[in-house]
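> A single structure is presented below for examination.
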4 protein chains.
Amino acid sequence: MKTAFLGLGIMGYPMAGHLSKQFETLVWNRTTTKAESHNIEYSTKTISNFNDLSSVDVLFTCFPTSKEVIELAPKILEVAKAGLVWVDCTSGDPASARALNRMLEERGMFYLDAPVSGGVAGAINGKLTVMVGGDESSLERVKNVIESFAAKIVHCGPSGAGMAVKAANQALLGVNILALSEVLLGLEKAGVRTSTALDVINASSGRSNVSMNLFPERVVGRGFPATFALGLMAKDVRIASQALREARVPSPITSLTENLLEIALRELGPDVDHVAASQLLERWAGTELGIEG
Amino acid sequence: MKTAFLGLGIMGYPMAGHLSKQFETLVWNRTTTKAESHNIEYSTKTISNFNDLSSVDVLFTCFPTSKEVIELAPKILEVAKAGLVWVDCTSGDPASARALNRMLEERGMFYLDAPVSGGVAGAINGKLTVMVGGDESSLERVKNVIESFAAKIVHCGPSGAGMAVKAANQALLGVNILALSEVLLGLEKAGVRTSTALDVINASSGRSNVSMNLFPERVVGRGFPATFALGLMAKDVRIASQALREARVPSPITSLTENLLEIALRELGPDVDHVAASQLLERWAGTELGIEG
Amino acid sequence: MKTAFLGLGIMGYPMAGHLSKQFETLVWNRTTTKAESHNIEYSTKTISNFNDLSSVDVLFTCFPTSKEVIELAPKILEVAKAGLVWVDCTSGDPASARALNRMLEERGMFYLDAPVSGGVAGAINGKLTVMVGGDESSLERVKNVIESFAAKIVHCGPSGAGMAVKAANQALLGVNILALSEVLLGLEKAGVRTSTALDVINASSGRSNVSMNLFPERVVGRGFPATFALGLMAKDVRIASQALREARVPSPITSLTENLLEIALRELGPDVDHVAASQLLERWAGTELGIEG
Amino acid sequence: MKTAFLGLGIMGYPMAGHLSKQFETLVWNRTTTKAESHNIEYSTKTISNFNDLSSVDVLFTCFPTSKEVIELAPKILEVAKAGLVWVDCTSGDPASARALNRMLEERGMFYLDAPVSGGVAGAINGKLTVMVGGDESSLERVKNVIESFAAKIVHCGPSGAGMAVKAANQALLGVNILALSEVLLGLEKAGVRTSTALDVINASSGRSNVSMNLFPERVVGRGFPATFALGLMAKDVRIASQALREARVPSPITSLTENLLEIALRELGPDVDHVAASQLLERWAGTELGIEG
């Protein structure tokens, strides 16, 4: 069994590392220095040209958006062997996933959309959750390979379903960051400290991962470590909103969240931590959260 | 130490029960049959007229809204003794709380807004979270009394702060119900089962109390037990939104949530379970969540 | 017939001028220099103290908000004679109007809420539209007095109805400014000049006073003459939104407009022209409207 | 000069009629009976097969959406002659217009997107406004042909710009219908008749084509003649919103309007008159507009 992993970003780098411990693994990255580091750290081999992929059985990709995947696809499909299973861990859009799936099917290959959650920590620990869309029997063939970096693998539905579930999760992440910012700012003005408010909310029905884990660390602590960029979250929410629109599901909250994150992107730039979207609301309220007297 | 508990609703009834096990407790309810049951179950005594309250040291109230509290206030203040501490567990509005606080202060009495969270189960088990606004020294004097039904008591800030924190929590509860409904309906249309989607989301960053506890039980199971009425949640979110408006905190997500719950109230009636707000989105999407093939 | 006019702002000054040409008119303004100018320009007399109002038959007020009116009310009611008709041209809120109406009724006086539209030009030309709430027979008694500065007087309904109609109009003004900014910015990015887009829209079904009159002059011309301040429009929309909320009319568009204007206020300040709210959307879109190549 | 007109709907039928009075005109319609009526009424000739289009110099299309145009395109391009100018009066989407433009360019033909406004009356009177996107010199060549049914022809910008301007206009139409419904319902509850409110608004700054022409006739009169279907307006607003999204212009008002019209479509069906979208808000407010006591 021969594998390859294209896209050694903040997530892909450690994922490819786990993969390489169990399977022969070729790697590739647009910026070659990262690939060279990976070769040294994990004894992987960088492909010299795409022909090297011709013997690969399972191909992983992990890029910022579907756009990069689609741009590489012709080069890959030209050389890949029949029977290839392509596991695309990009947080891409369902429509692109379905298009790629059709392209591979026509060539006797198999495409799975397989975005992950669990963040940088999950990637480093090899404990990611993988949400898979596509043919279930294809997934069965590569499940043990994916398990090299995953704690939980869920077959979500037909092609595109993995991308759709990932985007849906991100929309909930986004709406929780914005809604929590709004109400905490109101409480701040009513004389309630952010840490006190979070303490109560986290023992009550409105609690979420955002209130329990992200805000105590980042908003109260005023550290925004940029483990996941605002630009990527905004992109994910755009995907979720677009999928809802195409499915003709009225979704006023998701649409509004999409718009607010677009504004946050303009005001704060794409590279800040996603939780820093709270700073947009702070700006509008004219006060800051988490500052204790 | 003599106590009284006014308002023996679904929450107040067991709260007054716990109270009565440690302190002499008078009770009162608009519908007298409930008070009579309480007398039998907990050996409490119903007040025959409001003069009976003249010897009470700590008074609890727990009504649907601040309106009921304010209507009773003149009768109570006429007879209550100086030094009374009034603990108002109603999920009321901060402005009313502050008005009551001023009224009591003028008479040498003490008012604490002290709404609770934890639901019916928490009330029955005596494990509620109590969020308190008002003078901290007043809280110190009655903390051990409140502990008869509470697992966690948090002093949130000045008068009204308890009400504000409760309403903020409910706004987050409401927005999570609506946003989760939107994205799950989109996923349903993309071929993803609700239970599968929740399984993934609950291992990911978008998870919340709503996705982990309420939707698996109520939306997937299609049981809406009405433990907490939609009408009350809508009222709470209205309070949160109004407080944000008065504090001049732009809050587009909370405002939209307020409006959508107002529509839900019109379409579904006030008495259904709050999680049934998801049915508004189902109606608009033309499909139902949680129906497994 | 003796009249008085309190509040000589940008609107009140010329209105009181027209009034004084037909009726004996006392004037008052917080800043006395304006009252002195008015005395000279129109041969009016400034009241030296509020006792001077005791002989007045018809009293006009025109202040920024109901707050200023309510603050003056006790001083006025103390001295005013029975049978006084008070015509309040302030763009106030319906709840305050109803409260004032009740206060006057108790004293055998008559209150009419009577905000105006037509802008500074309408005030100078004496061609304002006056929207009146309150008792119709009171209006009949003073119609000819109001006509000194009005081209159109409409009895809108019971007390508060005039304020409500005015606020409703302003909400439509606000939503048109924001919505037009959004779509014109999209067209700008698609290569359509603002002036061309307005030319077409103004011959089509989406046209409005904003697209036909305000944007050609102010957004295309990039002149924002501050004839009506953003802060006042935002206040009016807040009144409209609050009235809808109290009437339990779901109003998502008005609520969102209220929130966006609140943000505009934070970003642009209260003193800029109301049409400059378009600059908020320009900022978010990263481009400017009306700049012709 | 030989012309053809494909799509004899409520708009296309009279437009093709005007065209045929000045130019030789072939017609086509999916439902052949309409084409036959047209032949009789205007002495036009129905094409028997698409080869008949090979001698046509200027081709008009007018369909419900770009989808129908794109489906017919291959049949047309196969037979059309070099130098053809295709004037697409469909209210389509800019992206499709640009795609068609590229397809024709490759074949030495010319595509203009040229949606119209002015409604059924404008089409019957030959007084439509035509908003054109595409190469200006192509427009010059066919301007006199378009003038057969137009009172105003505006070159809006590059390919797609005509579609974009039309959609933008419709978004403003939609937002005005919804916003006006909201505020009028609030006024109704405050005791203000709809006709009175419109009378005042139409003399004030919040007036629009919707308040001046559509609501007095349709909402006050309770006649909803379905001159323009809700389904088509919702489709147009979807196009506007999608264009804004692709241009990365934050557009919360347009997005919310899109969502509300999507809900209206679900609740009222696509075939009712577009102004009947007001009935969605009436339903939510629990009252009806325009009913005079």
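FYI, nothing fancy with the structure tokens labels: chains A, B, ... in order, residues from 1 per chain, ligands from 1 as they appear.
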Within region 49-123 of chain A, find each residue whose DSSP state, derived from the backbone, is alpha helix (DSSP H), and express the selection as a ChimeraX atom specification.
/A:66-79,94-106,119-123
> Present chain A as a short mmCIF file (atom, residue, chain, number, x, y, z; two decimals) with C-alpha atoms, in the first residue's frame, least-squares fitted onto chain B over all of its C-alpha atoms paired in order.

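Written file, result_10.cif:
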data_model
loop_
_atom_site.label_atom_id
_atom_site.label_comp_id
_atom_site.auth_asym_id
_atom_site.auth_seq_id
_atom_site.Cartn_x
_atom_site.Cartn_y
_atom_site.Cartn_z
CA MET A 1 -35.32 32.26 60.41
CA LYS A 2 -38.69 32.31 58.72
CA THR A 3 -39.12 32.07 54.96
CA ALA A 4 -41.89 32.31 52.40
CA PHE A 5 -42.10 31.18 48.80
CA LEU A 6 -44.61 32.74 46.39
CA GLY A 7 -45.19 31.09 43.02
CA LEU A 8 -45.41 27.30 43.01
CA GLY A 9 -45.01 26.66 39.30
CA ILE A 10 -43.10 23.84 37.66
CA MET A 11 -39.86 25.28 39.11
CA GLY A 12 -41.09 26.96 42.28
CA TYR A 13 -42.94 23.95 43.62
CA PRO A 14 -39.87 21.71 44.13
CA MET A 15 -37.67 24.71 45.08
CA ALA A 16 -40.06 25.60 47.89
CA GLY A 17 -40.04 21.95 48.83
CA HIS A 18 -36.26 21.91 49.35
CA LEU A 19 -36.46 25.20 51.24
CA SER A 20 -39.10 23.85 53.60
CA LYS A 21 -36.90 20.93 54.63
CA GLN A 22 -34.44 23.32 56.27
CA PHE A 23 -36.50 26.38 57.16
CA GLU A 24 -40.00 27.20 58.28
CA THR A 25 -41.71 28.06 55.01
CA LEU A 26 -44.97 29.76 54.15
CA VAL A 27 -46.18 29.30 50.57
CA TRP A 28 -48.59 31.02 48.21
CA ASN A 29 -49.83 30.42 44.71
CA ARG A 30 -52.43 32.12 42.57
CA THR A 31 -54.07 28.73 41.98
CA THR A 32 -54.68 27.54 45.51
CA THR A 33 -54.86 23.82 44.73
CA LYS A 34 -51.13 23.74 44.06
CA ALA A 35 -50.47 25.37 47.42
CA GLU A 36 -52.67 22.78 49.12
CA SER A 37 -50.77 19.93 47.47
CA HIS A 38 -47.53 21.52 48.60
CA ASN A 39 -48.80 21.80 52.17
CA ILE A 40 -49.54 18.09 52.16
CA GLU A 41 -46.36 16.97 50.40
CA TYR A 42 -43.92 19.17 52.35
CA SER A 43 -45.83 20.12 55.50
CA THR A 44 -45.74 23.78 54.49
CA LYS A 45 -48.39 26.31 55.43
CA THR A 46 -50.28 28.44 52.93
CA ILE A 47 -50.63 32.11 53.91
CA SER A 48 -54.24 33.03 54.50
CA ASN A 49 -53.64 36.68 53.79
CA PHE A 50 -50.59 38.78 53.06
CA ASN A 51 -50.35 39.96 56.69
CA ASP A 52 -48.87 36.53 57.42
CA LEU A 53 -45.74 37.74 55.60
CA SER A 54 -45.04 40.36 58.27
CA SER A 55 -42.81 38.01 60.27
CA VAL A 56 -40.91 36.59 57.30
CA ASP A 57 -37.12 37.14 57.12
CA VAL A 58 -36.41 35.84 53.62
CA LEU A 59 -39.00 35.99 50.87
CA PHE A 60 -38.73 34.05 47.61
CA THR A 61 -40.75 34.78 44.49
CA CYS A 62 -40.79 32.72 41.30
CA PHE A 63 -43.25 33.92 38.64
CA PRO A 64 -43.45 33.77 34.83
CA THR A 65 -42.47 37.44 34.37
CA SER A 66 -41.59 40.59 36.31
CA LYS A 67 -45.12 41.83 35.69
CA GLU A 68 -46.62 39.41 38.23
CA VAL A 69 -43.93 40.35 40.77
CA ILE A 70 -44.57 44.07 40.37
CA GLU A 71 -48.30 43.54 40.75
CA LEU A 72 -47.81 41.74 44.07
CA ALA A 73 -45.12 44.13 45.35
CA PRO A 74 -47.43 46.76 46.95
CA LYS A 75 -49.26 44.11 48.99
CA ILE A 76 -45.98 42.65 50.19
CA LEU A 77 -44.22 45.91 50.97
CA GLU A 78 -47.18 47.12 53.00
CA VAL A 79 -46.73 44.33 55.53
CA ALA A 80 -43.10 43.20 55.26
CA LYS A 81 -40.69 43.98 58.09
CA ALA A 82 -37.61 46.14 57.82
CA GLY A 83 -34.55 44.06 57.02
CA LEU A 84 -36.48 41.63 54.81
CA VAL A 85 -34.37 40.05 52.07
CA TRP A 86 -36.46 39.37 48.98
CA VAL A 87 -34.91 36.82 46.64
CA ASP A 88 -36.70 37.04 43.26
CA CYS A 89 -36.10 33.84 41.27
CA THR A 90 -38.34 35.02 38.42
CA SER A 91 -36.66 35.17 35.01
CA GLY A 92 -37.56 38.83 34.88
CA ASP A 93 -36.17 41.89 33.23
CA PRO A 94 -33.28 43.94 34.60
CA ALA A 95 -35.19 47.25 34.52
CA SER A 96 -37.96 45.85 36.71
CA ALA A 97 -35.38 44.34 39.04
CA ARG A 98 -33.71 47.71 39.46
CA ALA A 99 -37.07 49.38 40.10
CA LEU A 100 -37.96 46.81 42.77
CA ASN A 101 -34.51 47.19 44.28
CA ARG A 102 -35.02 50.95 44.67
CA MET A 103 -38.48 50.45 46.18
CA LEU A 104 -37.14 48.05 48.82
CA GLU A 105 -34.10 50.18 49.59
CA GLU A 106 -36.36 53.11 50.41
CA ARG A 107 -38.06 50.93 53.01
CA GLY A 108 -34.92 49.47 54.57
CA MET A 109 -35.39 46.15 52.84
CA PHE A 110 -33.15 44.26 50.43
CA TYR A 111 -33.91 42.95 46.97
CA LEU A 112 -31.87 40.38 45.08
CA ASP A 113 -32.66 39.33 41.54
CA ALA A 114 -31.85 35.63 41.49
CA PRO A 115 -33.09 33.72 38.47
CA VAL A 116 -32.07 30.10 38.18
CA SER A 117 -30.95 27.63 35.55
CA GLY A 118 -30.87 23.86 35.55
CA GLY A 119 -34.39 23.15 34.42
CA VAL A 120 -37.03 21.04 36.09
CA ALA A 121 -34.50 18.30 36.85
CA GLY A 122 -32.25 20.77 38.66
CA ALA A 123 -35.18 22.10 40.67
CA ILE A 124 -36.25 18.60 41.70
CA ASN A 125 -32.71 17.60 42.64
CA GLY A 126 -32.01 20.90 44.38
CA LYS A 127 -29.00 21.43 42.14
CA LEU A 128 -29.88 24.72 40.45
CA THR A 129 -27.46 27.43 39.40
CA VAL A 130 -28.52 30.78 40.85
CA MET A 131 -27.34 34.02 39.21
CA VAL A 132 -27.63 36.91 41.61
CA GLY A 133 -27.76 40.65 41.04
CA GLY A 134 -27.73 43.20 43.85
CA ASP A 135 -25.84 44.04 46.97
CA GLU A 136 -23.21 41.41 47.75
CA SER A 137 -23.59 41.70 51.52
CA SER A 138 -27.33 40.96 51.23
CA LEU A 139 -26.45 37.86 49.29
CA GLU A 140 -24.00 36.78 52.00
CA ARG A 141 -26.78 36.98 54.59
CA VAL A 142 -29.06 34.55 52.69
CA LYS A 143 -26.60 32.36 50.81
CA ASN A 144 -27.16 29.39 53.10
CA VAL A 145 -30.91 29.72 52.60
CA ILE A 146 -30.59 29.75 48.81
CA GLU A 147 -28.28 26.75 49.08
CA SER A 148 -31.25 24.65 50.08
CA PHE A 149 -32.07 24.32 46.36
CA ALA A 150 -28.83 25.41 44.66
CA ALA A 151 -25.61 23.72 43.63
CA LYS A 152 -23.96 26.94 42.46
CA ILE A 153 -24.62 30.53 43.47
CA VAL A 154 -22.88 33.29 41.52
CA HIS A 155 -22.91 36.97 42.37
CA CYS A 156 -23.07 38.49 38.89
CA GLY A 157 -23.02 42.20 39.64
CA PRO A 158 -25.26 45.12 40.67
CA SER A 159 -29.05 45.00 40.79
CA GLY A 160 -30.46 43.59 37.57
CA ALA A 161 -27.26 41.71 36.71
CA GLY A 162 -28.76 38.33 37.60
CA MET A 163 -31.75 38.93 35.33
CA ALA A 164 -29.42 40.14 32.57
CA VAL A 165 -27.20 37.05 32.74
CA LYS A 166 -30.22 34.72 32.70
CA ALA A 167 -31.67 36.47 29.66
CA ALA A 168 -28.28 36.37 27.91
CA ASN A 169 -28.09 32.62 28.47
CA GLN A 170 -31.56 32.19 27.01
CA ALA A 171 -30.66 34.25 23.95
CA LEU A 172 -27.78 31.83 23.33
CA LEU A 173 -30.14 28.90 23.85
CA GLY A 174 -32.55 30.39 21.32
CA VAL A 175 -29.95 31.21 18.70
CA ASN A 176 -28.50 27.71 18.98
CA ILE A 177 -31.90 26.07 18.46
CA LEU A 178 -32.57 28.16 15.35
CA ALA A 179 -29.09 28.00 13.83
CA LEU A 180 -28.80 24.26 14.41
CA SER A 181 -32.21 23.74 12.79
CA GLU A 182 -31.13 25.70 9.72
CA VAL A 183 -27.92 23.79 9.10
CA LEU A 184 -29.41 20.36 9.89
CA LEU A 185 -32.21 20.99 7.40
CA GLY A 186 -29.64 21.83 4.75
CA LEU A 187 -27.76 18.63 5.59
CA GLU A 188 -30.97 16.58 5.51
CA LYS A 189 -31.49 17.82 1.93
CA ALA A 190 -27.89 16.85 1.11
CA GLY A 191 -28.60 13.31 2.26
CA VAL A 192 -27.18 13.51 5.78
CA ARG A 193 -29.24 12.04 8.58
CA THR A 194 -29.81 14.36 11.55
CA SER A 195 -28.43 11.82 13.99
CA THR A 196 -25.27 11.40 11.92
CA ALA A 197 -24.80 15.14 11.61
CA LEU A 198 -25.22 15.60 15.36
CA ASP A 199 -22.75 12.79 16.02
CA VAL A 200 -20.08 14.67 14.04
CA ILE A 201 -20.94 18.17 15.26
CA ASN A 202 -20.84 16.94 18.85
CA ALA A 203 -17.23 15.87 18.31
CA SER A 204 -16.41 19.24 16.70
CA SER A 205 -16.09 22.94 17.43
CA GLY A 206 -19.71 23.88 16.68
CA ARG A 207 -21.15 21.75 19.47
CA SER A 208 -23.36 23.19 22.17
CA ASN A 209 -25.68 22.07 24.91
CA VAL A 210 -28.43 22.26 22.31
CA SER A 211 -26.65 19.91 19.91
CA MET A 212 -25.39 17.55 22.60
CA ASN A 213 -28.44 17.24 24.82
CA LEU A 214 -31.60 18.83 23.48
CA PHE A 215 -31.64 17.88 19.80
CA PRO A 216 -30.68 14.20 20.18
CA GLU A 217 -33.50 13.73 22.68
CA ARG A 218 -36.18 15.97 21.24
CA VAL A 219 -35.60 16.59 17.53
CA VAL A 220 -34.21 13.18 16.60
CA GLY A 221 -36.55 11.43 19.01
CA ARG A 222 -39.48 13.69 17.93
CA GLY A 223 -40.52 14.05 21.55
CA PHE A 224 -41.07 17.61 22.68
CA PRO A 225 -41.89 17.19 26.38
CA ALA A 226 -42.54 20.92 27.03
CA THR A 227 -40.28 21.10 30.06
CA PHE A 228 -39.77 24.75 29.18
CA ALA A 229 -42.37 26.59 27.12
CA LEU A 230 -41.57 28.39 23.88
CA GLY A 231 -43.49 31.40 25.17
CA LEU A 232 -41.15 31.74 28.14
CA MET A 233 -38.01 31.41 26.03
CA ALA A 234 -39.32 34.02 23.60
CA LYS A 235 -40.03 36.32 26.53
CA ASP A 236 -36.48 35.80 27.88
CA VAL A 237 -34.92 36.57 24.50
CA ARG A 238 -37.07 39.69 24.26
CA ILE A 239 -35.60 40.77 27.61
CA ALA A 240 -32.05 40.09 26.42
CA SER A 241 -32.61 41.99 23.21
CA GLN A 242 -34.19 44.94 25.00
CA ALA A 243 -31.26 45.13 27.44
CA LEU A 244 -28.80 45.16 24.53
CA ARG A 245 -30.79 47.91 22.86
CA GLU A 246 -30.81 50.02 26.01
CA ALA A 247 -27.06 49.49 26.41
CA ARG A 248 -26.65 50.57 22.78
CA VAL A 249 -24.82 47.38 21.87
CA PRO A 250 -25.43 46.56 18.20
CA SER A 251 -26.69 42.99 18.29
CA PRO A 252 -27.97 41.88 14.90
CA ILE A 253 -27.96 38.15 15.74
CA THR A 254 -29.89 38.56 18.98
CA SER A 255 -32.41 40.88 17.28
CA LEU A 256 -33.00 38.44 14.48
CA THR A 257 -33.41 35.59 16.97
CA GLU A 258 -35.94 37.68 18.88
CA ASN A 259 -37.93 38.25 15.69
CA LEU A 260 -37.81 34.62 14.61
CA LEU A 261 -39.01 33.44 18.01
CA GLU A 262 -41.84 35.96 17.82
CA ILE A 263 -42.83 34.36 14.52
CA ALA A 264 -42.49 30.87 16.04
CA LEU A 265 -44.82 31.96 18.81
CA ARG A 266 -47.41 33.01 16.25
CA GLU A 267 -47.08 29.81 14.23
CA LEU A 268 -46.72 27.25 17.02
CA GLY A 269 -48.34 28.83 20.06
CA PRO A 270 -46.67 29.66 23.39
CA ASP A 271 -47.19 26.34 25.12
CA VAL A 272 -45.11 23.95 23.01
CA ASP A 273 -41.65 22.98 24.14
CA HIS A 274 -38.99 25.60 23.37
CA VAL A 275 -37.04 23.14 21.22
CA ALA A 276 -40.09 22.90 18.95
CA ALA A 277 -38.99 26.26 17.52
CA SER A 278 -37.09 23.97 15.15
CA GLN A 279 -40.49 23.15 13.58
CA LEU A 280 -40.72 26.71 12.26
CA LEU A 281 -37.61 26.12 10.16
CA GLU A 282 -38.84 22.67 9.15
CA ARG A 283 -42.05 24.24 7.89
CA TRP A 284 -40.08 26.76 5.83
CA ALA A 285 -37.74 24.12 4.45
CA GLY A 286 -40.60 21.80 3.60
CA THR A 287 -39.05 18.82 5.32
CA GLU A 288 -38.68 17.33 8.76
CA LEU A 289 -35.59 16.61 10.81
CA GLY A 290 -34.69 13.35 12.45
CA ILE A 291 -36.84 11.08 10.34
CA GLU A 292 -34.65 8.10 9.60
CA GLY A 293 -35.28 6.16 6.42
#
